[in-house]
Each structure stands twice: as C-alpha cells, then as structure tokens.
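K.L.:
Got a structure for you, start28.cif, holding mmCIF, C-alpha atoms.
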data_work
loop_
_atom_site.group_PDB
_atom_site.id
_atom_site.type_symbol
_atom_site.label_atom_id
_atom_site.label_comp_id
_atom_site.auth_asym_id
_atom_site.auth_seq_id
_atom_site.Cartn_x
_atom_site.Cartn_y
_atom_site.Cartn_z
ATOM 1 C CA MET A 172 -108.144 -199.340 -225.120
ATOM 2 C CA GLU A 173 -111.080 -201.723 -224.990
ATOM 3 C CA LEU A 174 -114.614 -200.734 -224.032
ATOM 4 C CA PRO A 175 -116.571 -202.982 -221.646
ATOM 5 C CA LYS A 176 -118.618 -205.718 -223.292
ATOM 6 C CA THR A 177 -121.797 -204.077 -221.976
ATOM 7 C CA VAL A 178 -124.612 -203.560 -224.442
ATOM 8 C CA PHE A 179 -125.560 -199.897 -224.476
ATOM 9 C CA PRO A 180 -129.277 -199.173 -224.941
ATOM 10 C CA THR A 181 -130.628 -196.966 -227.681
ATOM 11 C CA MET A 182 -133.024 -194.105 -227.211
ATOM 12 C CA THR A 183 -136.574 -195.293 -226.763
ATOM 13 C CA LYS A 184 -138.027 -192.240 -228.498
ATOM 14 C CA ASN A 185 -137.152 -191.087 -231.952
ATOM 15 C CA TYR A 186 -134.895 -188.082 -231.982
ATOM 16 C CA LEU A 187 -134.634 -186.449 -235.394
ATOM 17 C CA ASP A 188 -136.274 -189.616 -236.740
ATOM 18 C CA GLN A 189 -133.414 -191.817 -235.555
ATOM 19 C CA ASN A 190 -132.471 -193.910 -232.559
ATOM 20 C CA PHE A 191 -128.937 -193.771 -231.246
ATOM 21 C CA LYS A 192 -126.909 -195.055 -228.318
ATOM 22 C CA LYS A 193 -127.426 -193.053 -225.143
ATOM 23 C CA LEU A 194 -123.795 -192.752 -224.093
ATOM 24 C CA GLY A 195 -122.406 -189.346 -225.010
ATOM 25 C CA PHE A 196 -118.789 -188.312 -225.410
ATOM 26 C CA GLY A 197 -118.302 -185.187 -223.277
ATOM 27 C CA LEU A 198 -115.592 -182.859 -224.497
ATOM 28 C CA MET A 199 -115.412 -180.794 -221.305
ATOM 29 C CA ARG A 200 -112.420 -182.681 -219.988
ATOM 30 C CA SER A 201 -110.556 -183.231 -223.235
ATOM 31 C CA PRO A 202 -106.886 -184.130 -222.818
ATOM 32 C CA PHE A 203 -104.465 -181.205 -222.731
ATOM 33 C CA ILE A 204 -100.712 -181.284 -223.247
ATOM 34 C CA SER A 205 -100.584 -177.667 -224.367
ATOM 35 C CA GLU A 206 -102.948 -174.721 -224.356
ATOM 36 C CA LYS A 207 -104.452 -176.075 -227.607
ATOM 37 C CA GLY A 208 -105.087 -179.550 -226.237
ATOM 38 C CA ASP A 209 -103.786 -182.968 -227.207
ATOM 39 C CA ILE A 210 -105.264 -183.360 -230.697
ATOM 40 C CA GLU A 211 -103.635 -186.725 -231.418
ATOM 41 C CA GLN A 212 -104.991 -188.261 -228.198
ATOM 42 C CA MET A 213 -108.419 -186.805 -228.893
ATOM 43 C CA LYS A 214 -108.373 -188.351 -232.387
ATOM 44 C CA LYS A 215 -107.637 -191.782 -230.903
ATOM 45 C CA MET A 216 -110.424 -191.414 -228.335
ATOM 46 C CA VAL A 217 -112.982 -190.176 -230.887
ATOM 47 C CA ASP A 218 -112.037 -192.881 -233.386
ATOM 48 C CA LEU A 219 -112.485 -195.639 -230.801
ATOM 49 C CA TYR A 220 -115.798 -194.153 -229.681
ATOM 50 C CA THR A 221 -117.152 -193.949 -233.244
ATOM 51 C CA GLU A 222 -115.803 -197.392 -234.185
ATOM 52 C CA LYS A 223 -117.992 -198.799 -231.397
ATOM 53 C CA GLY A 224 -121.058 -197.233 -232.999
ATOM 54 C CA PHE A 225 -121.467 -194.135 -230.840
ATOM 55 C CA THR A 226 -122.425 -190.841 -232.454
ATOM 56 C CA TYR A 227 -123.327 -188.294 -229.754
ATOM 57 C CA PHE A 228 -120.847 -185.589 -228.664
ATOM 58 C CA ASP A 229 -121.363 -182.885 -226.072
ATOM 59 C CA THR A 230 -119.466 -179.591 -225.988
ATOM 60 C CA SER A 231 -119.831 -175.940 -225.064
ATOM 61 C CA TYR A 232 -118.329 -172.653 -226.130
ATOM 62 C CA ILE A 233 -117.016 -172.224 -222.582
ATOM 63 C CA TYR A 234 -115.148 -175.549 -222.236
ATOM 64 C CA GLY A 235 -111.427 -174.872 -222.286
ATOM 65 C CA GLN A 236 -112.160 -171.199 -223.011
ATOM 66 C CA GLY A 237 -113.441 -172.106 -226.466
ATOM 67 C CA ILE A 238 -110.803 -174.693 -227.285
ATOM 68 C CA SER A 239 -113.278 -177.574 -226.943
ATOM 69 C CA GLU A 240 -115.385 -176.489 -229.919
ATOM 70 C CA THR A 241 -112.327 -175.605 -232.004
ATOM 71 C CA ASN A 242 -110.799 -179.017 -231.316
ATOM 72 C CA ALA A 243 -114.128 -180.745 -231.965
ATOM 73 C CA ARG A 244 -114.047 -179.268 -235.449
ATOM 74 C CA SER A 245 -110.556 -180.570 -236.229
ATOM 75 C CA VAL A 246 -110.989 -183.951 -234.508
ATOM 76 C CA ILE A 247 -114.586 -184.780 -235.482
ATOM 77 C CA VAL A 248 -116.103 -182.467 -238.103
ATOM 78 C CA GLU A 249 -113.114 -182.374 -240.456
ATOM 79 C CA ARG A 250 -112.484 -186.142 -240.191
ATOM 80 C CA HIS A 251 -115.931 -187.759 -240.190
ATOM 81 C CA PRO A 252 -118.968 -187.467 -242.487
ATOM 82 C CA ARG A 253 -121.496 -185.002 -241.060
ATOM 83 C CA SER A 254 -124.245 -187.608 -241.061
ATOM 84 C CA SER A 255 -122.170 -189.853 -238.749
ATOM 85 C CA PHE A 256 -122.297 -187.730 -235.577
ATOM 86 C CA ARG A 257 -124.500 -185.456 -233.477
ATOM 87 C CA PHE A 258 -123.501 -182.513 -231.305
ATOM 88 C CA ALA A 259 -125.131 -180.986 -228.277
ATOM 89 C CA THR A 260 -123.807 -177.643 -227.196
ATOM 90 C CA LYS A 261 -124.779 -175.036 -224.676
ATOM 91 C CA LEU A 262 -125.975 -171.724 -225.975
ATOM 92 C CA PRO A 263 -124.737 -168.580 -224.307
ATOM 93 C CA ASN A 264 -126.970 -165.746 -223.191
ATOM 94 C CA ILE A 265 -128.452 -163.450 -225.823
ATOM 95 C CA GLU A 266 -125.942 -160.645 -225.266
ATOM 96 C CA TYR A 267 -123.051 -163.014 -225.896
ATOM 97 C CA ALA A 268 -124.871 -164.383 -228.950
ATOM 98 C CA LYS A 269 -125.255 -160.876 -230.381
ATOM 99 C CA ARG A 270 -121.544 -160.124 -229.892
ATOM 100 C CA ARG A 271 -120.611 -163.474 -231.469
ATOM 101 C CA TYR A 272 -122.991 -162.835 -234.374
ATOM 102 C CA GLY A 273 -121.060 -159.633 -235.070
ATOM 103 C CA ASN A 274 -117.936 -161.764 -235.636
ATOM 104 C CA ILE A 275 -119.798 -164.362 -237.690
ATOM 105 C CA ILE A 276 -121.236 -161.841 -240.147
ATOM 106 C CA GLN A 277 -117.725 -160.634 -240.929
ATOM 107 C CA GLU A 278 -116.755 -164.200 -241.907
ATOM 108 C CA SER A 279 -119.967 -165.592 -243.396
ATOM 109 C CA GLY A 280 -122.415 -162.782 -244.001
ATOM 110 C CA ARG A 281 -125.730 -161.930 -242.406
ATOM 111 C CA ALA A 282 -128.571 -164.375 -241.863
ATOM 112 C CA SER A 283 -130.740 -161.891 -243.757
ATOM 113 C CA SER A 284 -128.645 -162.598 -246.870
ATOM 114 C CA CYS A 285 -130.355 -165.983 -247.197
ATOM 115 C CA ILE A 286 -132.434 -166.062 -250.382
ATOM 116 C CA ALA A 287 -134.580 -168.964 -249.098
ATOM 117 C CA CYS A 288 -133.800 -171.163 -252.102
ATOM 118 C CA GLY A 289 -133.972 -174.297 -249.931
ATOM 119 C CA SER A 290 -130.901 -176.018 -251.357
ATOM 120 C CA CYS A 291 -129.259 -176.183 -247.907
ATOM 121 C CA GLU A 292 -132.306 -177.896 -246.428
ATOM 122 C CA GLY A 293 -132.237 -180.495 -249.193
ATOM 123 C CA HIS A 294 -128.676 -181.426 -248.203
ATOM 124 C CA CYS A 295 -129.113 -181.321 -244.422
ATOM 125 C CA PRO A 296 -128.802 -184.878 -243.013
ATOM 126 C CA GLN A 297 -130.793 -183.823 -239.932
ATOM 127 C CA LYS A 298 -133.631 -182.312 -241.983
ATOM 128 C CA LEU A 299 -133.332 -179.024 -240.106
ATOM 129 C CA LYS A 300 -135.559 -176.129 -241.097
ATOM 130 C CA ILE A 301 -132.567 -173.941 -241.886
ATOM 131 C CA ILE A 302 -134.541 -171.170 -243.605
ATOM 132 C CA THR A 303 -136.846 -170.846 -240.586
ATOM 133 C CA TYR A 304 -133.884 -170.790 -238.189
ATOM 134 C CA LEU A 305 -132.139 -168.107 -240.231
ATOM 135 C CA GLN A 306 -135.325 -166.031 -240.252
ATOM 136 C CA GLU A 307 -135.474 -166.366 -236.461
ATOM 137 C CA ALA A 308 -131.824 -165.315 -236.241
ATOM 138 C CA VAL A 309 -132.653 -162.193 -238.261
ATOM 139 C CA THR A 310 -135.521 -161.379 -235.910
ATOM 140 C CA ILE A 311 -133.424 -161.830 -232.765
ATOM 141 C CA LEU A 312 -129.941 -160.752 -233.835
ATOM 142 C CA GLU A 313 -130.610 -158.155 -236.525
ATOM 143 C CA ASP A 314 -134.058 -156.734 -235.689
ATOM 144 C CA ASN A 315 -133.618 -157.073 -231.881
ATOM 145 C CA LYS A 316 -137.077 -158.568 -231.445
ATOM 146 C CA GLU A 317 -138.325 -161.703 -229.725
ATOM 147 C CA VAL A 318 -139.480 -164.691 -231.755
ATOM 148 C CA THR A 319 -143.125 -165.473 -231.087
ATOM 149 C CA LYS A 320 -144.579 -168.884 -231.797
#
Rewrite the structure of this file - the entire thing - as structure tokens.

P.N.:
Amino acid sequence: MELPKTVFPTMTKNYLDQNFKKLGFGLMRSPFISEKGDIEQMKKMVDLYTEKGFTYFDTSYIYGQGISETNARSVIVERHPRSSFRFATKLPNIEYAKRRYGNIIQESGRASSCIACGSCEGHCPQKLKIITYLQEAVTILEDNKEVTK
C-alpha cells in the first residue's frame, strides 16, 4: 500500500513542546476478522503509518466494545518505543471512571500509594506531571471530591 505523495503539514502550535503531522490514525474502524479483530492487518497498517513519519493515534474505550484499546496495546504500545507515538482517547463519565478505577486498583494499586518520589516523571517522554495527576485521581476517585484549580 502506498500513501499519496502529498506533503502533510505539521502542527503550527507546539503541543507538548513538539510539532507533529496532523493526520491521525483512527482506531474506531479497525479491521475485524474475528471478535478480537485482525491483529496482523492492524500491524501492517500501523507499521506503514509510522514508517511514513506519523505518530498520532486516536481511540476510545467504547470502540469495538473495548477491543480498540486492547488491540492498540498489542499493535502499537508493545511494538513501538513509547516516545514514538501519541494517543488521544475519550474519557468516560465520572461514574464509569470510578467503576473502572475499582478494577485498576486490584491490578496496580491505589493512586494514593504514590510516594511522590518523582522517578516516573523523570522517565516520562511527554514530561507529564504524573504526581499531580495521581493526586487529582485520589481527590476525585478516592475522596469523591472535585478538583479545584
């Protein structure tokens, strides 16, 4: 498969201190040959997309009843360096987030377990304020309060 010879523009504003090509790879309509999707076809599509210098992927927890994000992990996250791609996803409503957080804490522990050592922030390629975000998660998901800024 060959992409058109068109030159794709980059963002005019910095986003996370970087410019990147505007064209995003939407995972809503990922190929399906079974209820789990067509992983091999997705790999080919993602590889071609990234070989052409694109880095932006779009997904949502609702696409394919959750299969989109699961497949994105196996096709993109587990096969490409984290600094080589960006994801946009849609966040569910707060009630869904609280139910999902209940599952996450069984696997990974509570956000309030963070000791704020900062080592994760030093390794984050996007320079996210992880400690601050975890503190906000505690406020919203554990203390049931609103975050005020």

K.L.:
What's the 9 Å shell around Gly197 (chain A), counting all atoms listed in the file, without same-chain residues fewer than 2 positions away, as a list in words?

P.N.:
Gly195, Met199, Arg200, Ser201, Tyr227, Phe228, Asp229 and Thr230 of chain A

K.L.:
Figure out the distance between CA of Gln306 (chain A) and CA of Asn274 (chain A), please, to one decimal in Å.

P.N.:
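Value for the CA of Asn274 (chain A)-CA of Gln306 (chain A) distance: 18.5 Å.
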
K.L.:
Quick one: of A:Ala308, A:Glu266, A:Gln297, A:Leu194, who's nearest to Ser283 (chain A), counting only C-alpha atoms?

P.N.:
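Result for the nearest residue to Ser283 (chain A): A:Ala308.
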
K.L.:
Between A:Gly293, A:Ile286, A:Gly208, A:Phe191, which has the minimum distance to Leu305 (chain A) (counting all atoms listed in the file)?

P.N.:
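Among the listed residues, A:Ile286 lies closest to Leu305 (chain A).
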
K.L.:
So what does the PyMOL selection byres ((chain A and resi 265) around 12) actually pick up in this one, as an MDAnalysis selection string?

P.N.:
chainID A and resid 262:264 266:272 308 311:312 315:317

K.L.:
Taking into account only C-alpha atoms, which residue in the set A:Gly235, A:Phe196, A:Pro202, A:Val246 is nearest to Tyr220 (chain A)?

P.N.:
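When distances to Tyr220 (chain A) are compared using only C-alpha atoms, the smallest one comes from A:Phe196.
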
K.L.:
Between CA of Thr260 (chain A) and CA of Leu198 (chain A), what distance in Å does the model show, to one decimal?

P.N.:
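So the answer is 10.1 Å.
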
K.L.:
In Å, rounded to a single decimal, give me how far CA of Gly237 (chain A) is from CA of Lys193 (chain A).

P.N.:
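Distance reported for this atom pair: 25.2 Å.
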
K.L.:
Taking all atoms of region 293-305 of chain A that appear in the file, build a box with edges along x, y and z, extend it by 6 Å on every side, and state its centre and edge lengths in Å to one decimal, as lines of an AutoDock Vina configuration file.

P.N.:
center_x = -132.8
center_y = -176.5
center_z = -243.7
size_x = 20.2
size_y = 28.8
size_z = 23.0

K.L.:
Between A:Ile247, A:Ile238, A:Ala282, A:Ile233, which is the closest to Met216 (chain A) once you count all atoms listed in the file?

P.N.:
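Among the listed residues, A:Ile247 lies closest to Met216 (chain A).
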
K.L.:
Using all atoms listed in the file, can you tell me which of A:Thr226, A:Ser279, A:Ser254, A:Asn242 comes closest to Lys214 (chain A)?

P.N.:
A:Asn242

K.L.:
(-135.4, -173.4, -241.1) in this file's frame - what residues fall within 12 Å of it? Use only C-alpha atoms and give the answer as a VMD selection string.

P.N.:
chain A and resid 282 285 287 to 293 295 297 to 309

K.L.:
Taking all atoms listed in the file into account, name the residue in A:Ser245, A:Gly224, A:Gly273, A:Thr310 that is nearest to Asp209 (chain A).

P.N.:
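For Asp209 (chain A), the nearest of the given residues is A:Ser245.
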